[in-house]
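Asker: File target.tsv below, TSV, C-alpha atoms and all ligand atoms:
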```tsv
chain	number	residue	atom	x	y	z
U	658	MET	CA	27.88	-59.34	-36.14
U	659	SER	CA	24.21	-59.19	-37.00
U	660	GLY	CA	22.25	-55.96	-37.03
U	661	THR	CA	19.27	-55.14	-34.82
U	662	LEU	CA	15.56	-55.18	-35.56
U	663	TYR	CA	13.84	-52.17	-33.97
U	664	LEU	CA	10.07	-52.34	-33.50
U	665	VAL	CA	9.23	-48.65	-33.59
U	666	ALA	CA	5.83	-47.40	-32.42
U	667	THR	CA	4.44	-44.42	-34.36
U	668	PRO	CA	1.51	-42.12	-33.47
U	669	ILE	CA	-2.11	-43.32	-33.79
U	670	GLY	CA	-3.25	-39.90	-34.96
U	671	ASN	CA	-1.40	-37.09	-33.26
U	672	LEU	CA	2.14	-36.55	-34.59
U	673	GLU	CA	3.19	-35.09	-31.24
U	674	ASP	CA	3.05	-38.63	-29.86
U	675	MET	CA	6.17	-39.55	-31.84
U	676	THR	CA	9.00	-40.11	-29.35
U	677	PHE	CA	12.47	-38.53	-29.61
U	678	ARG	CA	13.93	-42.02	-29.57
U	679	ALA	CA	11.70	-43.22	-32.41
U	680	VAL	CA	12.90	-40.31	-34.58
U	681	ARG	CA	16.56	-41.02	-33.77
U	682	ILE	CA	16.29	-44.77	-34.41
U	683	LEU	CA	14.48	-44.19	-37.72
U	684	LYS	CA	17.20	-41.73	-38.79
U	685	GLU	CA	20.04	-44.04	-37.75
U	686	ALA	CA	18.65	-47.33	-39.16
U	687	ASP	CA	19.99	-48.63	-42.49
U	688	LEU	CA	16.47	-49.47	-43.68
U	689	ILE	CA	12.89	-48.79	-42.59
U	690	ALA	CA	10.37	-51.55	-43.26
U	691	CYS	CA	6.95	-49.87	-43.57
U	692	GLU	CA	3.52	-51.48	-43.65
U	693	ASP	CA	2.68	-48.98	-46.39
U	694	THR	CA	5.44	-46.72	-47.66
U	695	ARG	CA	2.92	-44.16	-48.99
U	696	THR	CA	1.15	-43.90	-45.62
U	697	SER	CA	4.44	-43.51	-43.72
U	698	ARG	CA	5.92	-40.94	-46.14
U	699	PRO	CA	4.24	-37.86	-44.53
U	700	LEU	CA	5.39	-38.98	-41.07
U	701	LEU	CA	8.97	-39.53	-42.26
U	702	ASN	CA	8.98	-36.18	-44.09
U	703	HIS	CA	7.55	-34.40	-41.06
U	704	PHE	CA	10.46	-35.61	-38.92
U	705	ASP	CA	13.05	-35.10	-41.67
U	706	ILE	CA	13.86	-38.80	-41.88
U	707	HIS	CA	15.54	-39.82	-45.15
U	708	THR	CA	16.42	-43.46	-44.47
U	709	PRO	CA	15.66	-45.85	-47.38
U	710	VAL	CA	12.30	-47.64	-47.05
U	711	THR	CA	10.91	-50.99	-48.12
U	712	SER	CA	7.44	-52.45	-47.75
U	713	TYR	CA	6.56	-55.14	-45.22
U	714	HIS	CA	2.85	-55.87	-45.01
U	715	GLU	CA	0.20	-58.50	-44.31
U	716	PHE	CA	0.50	-60.05	-47.77
U	717	ASN	CA	4.30	-60.42	-47.98
U	718	LYS	CA	5.02	-60.82	-44.27
U	719	ILE	CA	6.31	-64.41	-44.56
U	720	GLU	CA	8.63	-64.25	-47.64
U	721	LYS	CA	9.71	-60.69	-46.95
U	722	ALA	CA	10.55	-61.59	-43.34
U	723	LYS	CA	13.18	-64.04	-44.64
U	724	GLU	CA	14.61	-61.37	-46.92
U	725	LEU	CA	14.79	-58.89	-44.05
U	726	LEU	CA	16.34	-61.52	-41.79
U	727	ASP	CA	19.14	-62.05	-44.35
U	728	LYS	CA	19.84	-58.32	-44.34
U	729	LEU	CA	19.88	-58.29	-40.53
U	730	LEU	CA	22.27	-61.24	-40.50
U	731	GLU	CA	24.53	-59.30	-42.88
U	732	GLY	CA	24.69	-56.57	-40.24
U	733	MET	CA	22.02	-54.10	-41.32
U	734	ASP	CA	19.93	-52.33	-38.65
U	735	ILE	CA	16.26	-52.39	-39.66
U	736	ALA	CA	13.42	-50.41	-38.10
U	737	LEU	CA	9.90	-51.74	-38.55
U	738	ILE	CA	6.96	-49.32	-38.51
U	739	THR	CA	3.29	-49.78	-39.35
U	740	ASP	CA	0.60	-47.34	-40.49
U	741	ALA	CA	-0.08	-46.42	-36.86
U	742	GLY	CA	0.77	-47.55	-33.37
U	743	THR	CA	2.86	-50.45	-32.23
U	744	PRO	CA	4.09	-53.09	-34.70
U	745	GLY	CA	2.76	-56.56	-33.91
U	746	ILE	CA	-0.42	-55.21	-32.30
U	747	SER	CA	-3.06	-56.07	-34.94
U	748	ASP	CA	-0.35	-55.13	-37.44
U	749	PRO	CA	2.57	-56.94	-39.11
U	750	GLY	CA	5.56	-57.58	-36.86
U	751	GLU	CA	4.98	-60.83	-35.01
U	752	GLU	CA	6.39	-63.16	-37.72
U	753	LEU	CA	9.50	-61.08	-38.34
U	754	CYS	CA	10.12	-60.73	-34.61
U	755	ALA	CA	9.77	-64.52	-34.07
U	756	LEU	CA	12.18	-65.22	-36.92
U	757	CYS	CA	14.77	-62.83	-35.46
U	758	VAL	CA	14.43	-64.22	-31.94
U	759	GLU	CA	14.96	-67.73	-33.32
U	760	ALA	CA	18.03	-66.60	-35.29
U	761	ASP	CA	19.48	-64.75	-32.26
U	762	VAL	CA	19.14	-61.39	-33.98
U	763	PRO	CA	18.53	-58.72	-31.32
U	764	VAL	CA	14.98	-57.32	-31.31
U	765	VAL	CA	14.59	-53.98	-29.56
U	766	PRO	CA	11.20	-52.39	-28.91
U	767	VAL	CA	10.90	-48.62	-29.20
U	768	PRO	CA	7.60	-48.13	-27.34
U	769	GLY	CA	5.00	-45.48	-27.99
U	770	ALA	CA	1.33	-45.25	-28.89
U	771	ALA	CA	-0.97	-48.29	-28.91
U	772	ALA	CA	-4.70	-47.69	-29.25
U	773	ALA	CA	-5.61	-50.55	-26.88
U	774	ILE	CA	-3.56	-49.15	-23.99
U	775	ALA	CA	-4.73	-45.57	-24.58
U	776	ALA	CA	-8.35	-46.77	-24.60
U	777	VAL	CA	-8.31	-49.04	-21.56
U	778	THR	CA	-6.40	-46.61	-19.36
U	779	SER	CA	-8.83	-43.77	-20.13
U	780	SER	CA	-12.01	-45.88	-20.05
U	781	GLY	CA	-12.94	-45.57	-16.38
U	782	LEU	CA	-13.12	-49.39	-16.28
U	783	SER	CA	-10.60	-51.60	-14.50
U	784	CYS	CA	-7.21	-51.66	-16.21
U	785	ARG	CA	-5.55	-53.86	-13.60
U	786	ARG	CA	-6.25	-57.03	-15.61
U	787	PHE	CA	-7.40	-57.01	-19.21
U	788	ALA	CA	-7.79	-59.32	-22.21
U	789	PHE	CA	-6.86	-57.86	-25.59
U	790	GLU	CA	-8.99	-59.54	-28.24
U	791	ALA	CA	-7.84	-57.33	-31.15
U	792	PHE	CA	-10.40	-57.62	-34.01
U	793	LEU	CA	-12.98	-60.36	-33.48
U	794	PRO	CA	-12.60	-63.04	-36.18
U	795	LYS	CA	-14.62	-62.56	-39.37
U	796	ASP	CA	-15.43	-66.26	-39.59
U	797	LYS	CA	-18.88	-66.73	-38.03
U	798	LYS	CA	-18.10	-69.93	-36.12
U	799	MET	CA	-14.79	-68.68	-34.75
U	800	ARG	CA	-16.43	-65.41	-33.76
U	801	GLN	CA	-19.19	-67.27	-31.90
U	802	SER	CA	-16.67	-69.40	-30.03
U	803	ILE	CA	-14.64	-66.35	-28.95
U	804	LEU	CA	-17.82	-64.57	-27.84
U	805	LYS	CA	-18.78	-67.68	-25.85
U	806	GLU	CA	-15.37	-67.61	-24.13
U	807	LEU	CA	-15.76	-63.91	-23.37
U	808	GLU	CA	-19.07	-64.50	-21.58
U	809	SER	CA	-17.19	-65.69	-18.49
U	810	GLU	CA	-14.14	-63.44	-18.91
U	811	SER	CA	-13.53	-61.61	-15.65
U	812	ARG	CA	-10.83	-59.30	-17.05
U	813	THR	CA	-11.68	-56.10	-18.88
U	814	ILE	CA	-12.05	-56.90	-22.60
U	815	ILE	CA	-10.51	-54.77	-25.35
U	816	ILE	CA	-11.70	-55.08	-28.95
U	817	TYR	CA	-10.67	-53.18	-32.09
U	818	GLU	CA	-13.46	-52.39	-34.55
U	819	ALA	CA	-13.98	-50.61	-37.83
U	820	PRO	CA	-16.92	-48.16	-38.05
U	821	HIS	CA	-18.87	-50.11	-40.69
U	822	HIS	CA	-18.95	-53.22	-38.43
U	823	LEU	CA	-19.63	-51.41	-35.15
U	824	ARG	CA	-23.43	-51.82	-35.03
U	825	ALA	CA	-23.35	-55.56	-35.76
U	826	THR	CA	-20.56	-56.11	-33.24
U	827	LEU	CA	-22.43	-54.23	-30.49
U	828	ASP	CA	-25.51	-56.40	-31.14
U	829	GLN	CA	-23.45	-59.58	-30.96
U	830	LEU	CA	-21.68	-58.46	-27.79
U	831	PHE	CA	-25.01	-57.73	-26.10
U	832	GLU	CA	-26.39	-61.10	-27.16
U	833	ALA	CA	-23.32	-62.97	-25.90
U	834	LEU	CA	-22.40	-61.03	-22.75
U	835	GLY	CA	-25.68	-59.47	-21.65
U	836	GLU	CA	-25.87	-56.01	-20.13
U	837	ARG	CA	-22.40	-54.65	-19.31
U	838	ARG	CA	-20.66	-51.30	-19.19
U	839	ILE	CA	-18.75	-50.46	-22.34
U	840	SER	CA	-16.45	-47.59	-23.16
U	841	LEU	CA	-16.28	-46.58	-26.80
U	842	ALA	CA	-13.00	-44.78	-27.48
U	843	ARG	CA	-13.18	-43.07	-30.85
U	844	GLU	CA	-10.51	-41.24	-32.83
U	845	LEU	CA	-7.99	-41.31	-29.98
U	846	THR	CA	-5.45	-38.47	-30.02
U	847	LYS	CA	-7.22	-36.87	-33.02
U	848	VAL	CA	-9.38	-33.75	-33.37
U	849	HIS	CA	-12.67	-35.65	-32.93
U	850	GLU	CA	-11.51	-37.81	-30.02
U	851	GLU	CA	-14.47	-39.05	-27.98
U	852	HIS	CA	-14.95	-41.39	-25.00
U	853	MET	CA	-18.39	-42.70	-24.14
U	854	LEU	CA	-18.94	-44.91	-21.09
U	855	MET	CA	-22.42	-46.40	-21.09
U	856	LYS	CA	-24.33	-49.68	-20.94
U	857	LEU	CA	-24.15	-51.97	-23.96
U	858	SER	CA	-27.90	-51.54	-24.61
U	859	GLU	CA	-27.45	-47.75	-24.52
U	860	ALA	CA	-24.57	-47.95	-27.00
U	861	ILE	CA	-26.77	-49.99	-29.35
U	862	ALA	CA	-29.58	-47.42	-29.06
U	863	TYR	CA	-27.14	-44.52	-29.56
U	864	TYR	CA	-25.70	-45.99	-32.74
U	865	ARG	CA	-29.18	-46.64	-34.13
U	866	GLU	CA	-29.50	-42.84	-34.17
U	867	HIS	CA	-25.89	-41.94	-35.05
U	868	GLU	CA	-23.65	-43.05	-37.89
U	869	PRO	CA	-20.45	-44.69	-36.55
U	870	ARG	CA	-17.44	-42.71	-37.82
U	871	GLY	CA	-13.69	-43.04	-37.36
U	872	GLU	CA	-11.62	-45.65	-35.56
U	873	TYR	CA	-12.93	-47.38	-32.45
U	874	VAL	CA	-11.62	-49.30	-29.50
U	875	LEU	CA	-14.29	-51.03	-27.43
U	876	VAL	CA	-13.49	-51.59	-23.76
U	877	ILE	CA	-15.96	-53.86	-22.02
U	878	GLU	CA	-16.34	-54.63	-18.34
U	879	GLY	CA	-15.47	-58.22	-17.41
U	880	VAL	CA	-17.97	-60.31	-15.48
U	881	SER	CA	-17.33	-59.94	-11.75
U	882	LEU	CA	-15.95	-63.03	-10.00
U	883	LYS	CA	-18.70	-62.61	-7.41
U	884	GLU	CA	-21.35	-62.72	-10.14
U	885	GLN	CA	-19.66	-65.71	-11.75
U	886	ASN	CA	-19.60	-67.63	-8.46
U	887	ALA	CA	-23.25	-66.75	-7.79
U	888	LYS	CA	-24.19	-68.10	-11.25
U	889	ALA	CA	-22.23	-71.29	-10.72
U	890	GLN	CA	-23.81	-71.77	-7.28
U	891	ALA	CA	-27.29	-71.10	-8.67
U	892	ALA	CA	-26.75	-73.83	-11.26
U	893	TRP	CA	-26.23	-76.42	-8.48
U	894	GLU	CA	-29.45	-75.43	-6.79
U	895	ASP	CA	-31.40	-77.20	-9.55
U	896	ILE	CA	-30.49	-80.52	-7.94
U	897	SER	CA	-30.92	-81.70	-4.34
U	898	ILE	CA	-27.99	-81.99	-1.93
U	899	THR	CA	-28.36	-85.79	-1.98
U	900	GLU	CA	-28.17	-85.84	-5.80
U	901	HIS	CA	-25.21	-83.48	-5.65
U	902	MET	CA	-23.43	-85.79	-3.16
U	903	ASP	CA	-24.17	-88.81	-5.40
U	904	ILE	CA	-22.28	-87.18	-8.27
U	905	TYR	CA	-19.06	-87.10	-6.23
U	906	LEU	CA	-19.63	-90.44	-4.48
U	907	SER	CA	-20.15	-92.14	-7.86
U	908	GLN	CA	-16.73	-90.78	-8.88
U	909	GLY	CA	-15.23	-92.74	-5.97
U	910	MET	CA	-14.83	-89.80	-3.58
U	911	GLU	CA	-14.85	-90.42	0.19
U	912	LYS	CA	-18.02	-89.13	1.92
U	913	LYS	CA	-16.06	-86.49	3.86
U	914	ASP	CA	-14.44	-85.14	0.70
U	915	ALA	CA	-17.73	-85.23	-1.21
U	916	MET	CA	-19.36	-83.10	1.52
U	917	LYS	CA	-16.49	-80.63	1.27
U	918	ALA	CA	-16.85	-80.43	-2.53
U	919	VAL	CA	-20.63	-80.00	-2.34
U	920	ALA	CA	-20.25	-77.25	0.27
U	921	ARG	CA	-17.71	-75.44	-1.94
U	922	ASP	CA	-19.92	-75.75	-5.07
U	923	ARG	CA	-22.98	-74.37	-3.28
U	924	GLY	CA	-21.11	-71.67	-1.39
U	925	VAL	CA	-22.22	-72.95	2.02
U	926	SER	CA	-20.43	-74.47	5.02
U	927	LYS	CA	-19.69	-78.19	5.43
U	928	ARG	CA	-21.88	-78.11	8.55
U	929	ASP	CA	-24.88	-76.96	6.47
U	930	ILE	CA	-24.39	-79.95	4.16
U	931	TYR	CA	-24.02	-82.33	7.11
U	932	GLN	CA	-27.24	-81.04	8.69
U	933	ALA	CA	-29.17	-81.14	5.42
U	934	LEU	CA	-28.15	-84.77	4.92
U	935	LEU	CA	-29.32	-85.65	8.43
C	1	LIG	N1	-0.96	-51.15	-34.25
C	1	LIG	C1	-2.11	-50.37	-33.84
C	1	LIG	C2	-2.01	-50.13	-32.33
C	1	LIG	O1	-0.91	-50.24	-31.77
C	1	LIG	O2	-3.01	-49.82	-31.70
C	1	LIG	C3	-3.42	-51.02	-34.25
C	1	LIG	C4	-3.59	-51.15	-35.72
C	1	LIG	S1	-5.09	-51.89	-36.21
C	1	LIG	C5	-4.78	-52.27	-37.87
C	1	LIG	C6	-6.18	-50.54	-36.40
C	1	LIG	C7	-7.27	-50.52	-35.34
C	1	LIG	O3	-6.74	-49.97	-34.13
C	1	LIG	C8	-8.45	-49.63	-35.70
C	1	LIG	O4	-9.42	-50.30	-36.46
C	1	LIG	C9	-8.99	-49.24	-34.34
C	1	LIG	O5	-9.78	-50.25	-33.80
C	1	LIG	C10	-7.69	-49.12	-33.53
C	1	LIG	N2	-7.17	-47.75	-33.59
C	1	LIG	C11	-6.05	-47.33	-34.20
C	1	LIG	N3	-5.90	-46.01	-34.04
C	1	LIG	C12	-6.96	-45.56	-33.33
C	1	LIG	C13	-7.40	-44.31	-32.85
C	1	LIG	N4	-6.70	-43.20	-33.08
C	1	LIG	N5	-8.54	-44.24	-32.14
C	1	LIG	C14	-9.26	-45.34	-31.89
C	1	LIG	N6	-8.90	-46.57	-32.34
C	1	LIG	C15	-7.77	-46.68	-33.04
```
Could you express the structure from this file as C-alpha cells?
Answerer:
Amino acid sequence: MSGTLYLVATPIGNLEDMTFRAVRILKEADLIACEDTRTSRPLLNHFDIHTPVTSYHEFNKIEKAKELLDKLLEGMDIALITDAGTPGISDPGEELCALCVEADVPVVPVPGAAAAIAAVTSSGLSCRRFAFEAFLPKDKKMRQSILKELESESRTIIIYEAPHHLRATLDQLFEALGERRISLARELTKVHEEHMLMKLSEAIAYYREHEPRGEYVLVIEGVSLKEQNAKAQAAWEDISITEHMDIYLSQGMEKKDAMKAVARDRGVSKRDIYQALL
C-alpha cells in the first residue's frame, strides 16, 4: 500500500488563515517536504507541529521528487508545503504531483490561501472567467509574445509581481494592452494590505511618486468581447465589400456563403451585403 501525498496550502501572511485540516495533516504525516525548512519552521512551531522535515525546492525538484516518490511507494504519507500559499501555484509541487499521479500514488489537496484567488475575488473586476499568468517570463522575447497574446484576452488577467519589477511591468502592460482597469493587491492578509483599483496609466503615475513595497498581485480587466468584435469589424472596413467578397470567392466559396461570411465579418446583415453589391 503506498502512502499519500498531501498538497497543503499555508497562509500567505496571516497565520489565522491556516486551516484546522492543514494542521492535522501536517501533524499526522510521516514527513513534511518544505520549500525552505527555515521559512516554514516558525509556522510549524506556532502550530506545535513536530513532524520531521525535508527540503523540496525549485533547484532539487526533479531528483528529490523521485526520492520522495520512493518513500511514498514504501507507504509513507508526505505533506508538501511551500513558503506561502498553495503548492504548485508559482511554487514547487507540479512535478512531484505529476510523478505521483503517474505512479498511482494518491494526491490529496488540502486547500487554503492562494494570493491569485484572494486578489481576483476582492478586485472589483470580473472573477467569472480569469487567466492566471503567474509571473511573466523574464526572457524578453517570451515576455513579448505573452503580452501580445494578452492583448486580445477577454478574461480577467492575474499576474504575480515582485516590487522591484513593478514599474517596468506596468509600463509594458500599458504598452501592450492600452488603457485598462487594474487592481493592485498588495500585502494581502498582512498589516499593510492594500487594494487599489485604477486605470493602468494612473497606476504608472502613482508608482512614479511612490516606491513599490511588499508583494503584489496585479488583476487586469480583459478586453470586452464587444470591443474585440468592433476592432475586428473595423479592420475589414479598410477594404471594399467587393474586395472582401473576392477573398472568399478566391478560396472557392459559393457566392451565397461568401456573402454570409462577409456579413458576419462586418457585423451587418446579409441583405446589406446583397444591396451593396447591387
Ligand atoms: N504559492 C503562492 C500562492 O498560492 O499564491 C504564490 C507563491 S509566488 C512564489 C509569490 C508571489 O505570490 C509574490 O511575488 C506575489 O506576487 C504573490 N503573493 C504571495 N503572497 C502575497 C500576498 N500576501 N500579497 C500579495 N501577493 C502575494
Asker: Which chains and residue numbers are within 8 Å of ligand LIG 1 (chain C), counting all atoms listed in the file, if I want them as a ChimeraX atom specification?
Answerer: /U:666,669-670,739-748,770-774,776,791-792,816-820,842-847,850,871-875
Asker: Which one of U:Ala690, U:Ile803, U:Val919, U:Cys757 sits closest to Ala833 of chain U if you count all atoms listed in the file?
Answerer: U:Ile803
Asker: Counting all atoms listed in the file, what is within 12 Å of segment 923-930 of chain U, bar same-chain residues fewer than 2 positions away, as a PyMOL selection string?
Answerer: chain U and resi 883+886-899+901-902+912-921+932-935
Asker: What's the 7 Å shell around Arg824 of chain U, counting only C-alpha atoms, without same-chain residues fewer than 4 positions away, as a short mmCIF file (atom, residue, chain, number, x, y, z; two decimals) with C-alpha atoms, in the frame of the given file?
Answerer:
```cif
data_model
loop_
_atom_site.label_atom_id
_atom_site.label_comp_id
_atom_site.auth_asym_id
_atom_site.auth_seq_id
_atom_site.Cartn_x
_atom_site.Cartn_y
_atom_site.Cartn_z
CA ASP U 828 -25.51 -56.40 -31.14
CA ILE U 861 -26.77 -49.99 -29.35
CA TYR U 864 -25.70 -45.99 -32.74
#
```
Asker: When you draw a straight line from atom CA of Val765 of chain U to atom CA of Ser697 of chain U, how long is it in Å?
Answerer: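 Atom-to-atom, atom CA of Val765 of chain U and atom CA of Ser697 of chain U are spaced 20.3 Å apart.
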Asker: Take atom CA of Gln885 of chain U and atom CA of Tyr863 of chain U and report the distance between them in Å, one decimal.
Answerer: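 A separation of 28.7 Å between them.
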Asker: Would you mind listing, for every residue of segment 691-718 of chain U within 12 Å of segment 728-735 of chain U, the two atoms forming the shortest contact and the distance between them in Å to one decimal, using all atoms listed in the file, sorted by chain and ascending residue number, as JSON lines?
Answerer:
```
{"residue": "U:Cys691", "atom": "CA", "partner": "U:Ile735", "partner_atom": "CA", "distance": 10.4}
{"residue": "U:Thr708", "atom": "CA", "partner": "U:Ile735", "partner_atom": "CA", "distance": 10.1}
{"residue": "U:Pro709", "atom": "CA", "partner": "U:Ile735", "partner_atom": "CA", "distance": 10.1}
{"residue": "U:Val710", "atom": "CA", "partner": "U:Ile735", "partner_atom": "CA", "distance": 9.6}
{"residue": "U:Thr711", "atom": "CA", "partner": "U:Ile735", "partner_atom": "CA", "distance": 10.1}
{"residue": "U:Ser712", "atom": "CA", "partner": "U:Ile735", "partner_atom": "CA", "distance": 12.0}
{"residue": "U:Tyr713", "atom": "CA", "partner": "U:Ile735", "partner_atom": "CA", "distance": 11.5}
```
Asker: Go ahead and dump the residues you just picked, C-alpha atoms, as a PDB file, in the frame of the given file.
Answerer:
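As a result, selection_36.pdb now contains:
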```pdb
ATOM      1  CA  CYS U 691       6.950 -49.870 -43.570  1.00  0.00           C
ATOM      2  CA  THR U 708      16.420 -43.460 -44.470  1.00  0.00           C
ATOM      3  CA  PRO U 709      15.660 -45.850 -47.380  1.00  0.00           C
ATOM      4  CA  VAL U 710      12.300 -47.640 -47.050  1.00  0.00           C
ATOM      5  CA  THR U 711      10.910 -50.990 -48.120  1.00  0.00           C
ATOM      6  CA  SER U 712       7.440 -52.450 -47.750  1.00  0.00           C
ATOM      7  CA  TYR U 713       6.560 -55.140 -45.220  1.00  0.00           C
TER       8      TYR U 713
END
```
Asker: Using only C-alpha atoms, find all polymer residues with an atom at most 10 Å away from the point (4.0, -37.3, -30.8); report them as a list in words.
Answerer: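 Counting only C-alpha atoms, I find these residues within 10 Å of (4.0, -37.3, -30.8): Thr667, Pro668, Ile669, Gly670, Asn671, Leu672, Glu673, Asp674, Met675, Thr676, Phe677, Ala679, Gly769, Ala770 and Thr846 of chain U.
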Asker: Separation of atom CA of Leu807 of chain U and atom CA of Glu790 of chain U, in Å?
Answerer: 9.4 Å
Asker: Could you work out an axis-aligned box for segment 896-901 of chain U, taking every atom the file lists and adding 8 Å on each side, and report centre and edge lengths in Å to one decimal, as JSON?
Answerer:
```
{"center_x": -28.1, "center_y": -83.2, "center_z": -4.9, "size_x": 21.7, "size_y": 21.3, "size_z": 22.0}
```
Asker: Go through U:Ala722, U:Val777, U:Ala686, U:Leu906 one by one, measure the shortest atom-to-atom distance of each to Ala755 of chain U using all atoms listed in the file, and give the residue with the smallest value.
Answerer: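 Closest candidate: U:Ala722.
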Asker: For each of U:Lys795, U:Arg838, U:His714, U:Arg812, take the minimum atom-to-atom distance to Thr826 of chain U, counting all atoms listed in the file, then give the residue where this is smallest.
Answerer: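 Under the stated criterion, the closest residue is U:Lys795.
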Asker: Out of U:Ser840, U:Ser811, U:Ala760, U:Leu782, which residue has the shortest atom-to-atom distance to Met853 of chain U when counting all atoms listed in the file?
Answerer: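 Closest to Met853 of chain U, using all atoms listed in the file: U:Ser840.
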Asker: Check the smallest atom-to-atom distance from each of U:Leu854, U:Ile877, U:Lys723, U:Ile839 to Ala788 of chain U using only C-alpha atoms, then report the winner.
Answerer: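 When distances to Ala788 of chain U are compared using only C-alpha atoms, the smallest one comes from U:Ile877.
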Asker: Report as a ChimeraX atom specification all protein, DNA and RNA residues lying within 10 Å of Glu685 of chain U, evaluated on only C-alpha atoms, omitting residues in the same chain fewer than 2 positions from it.
Answerer: /U:679-683,687-689,706-708,734-736
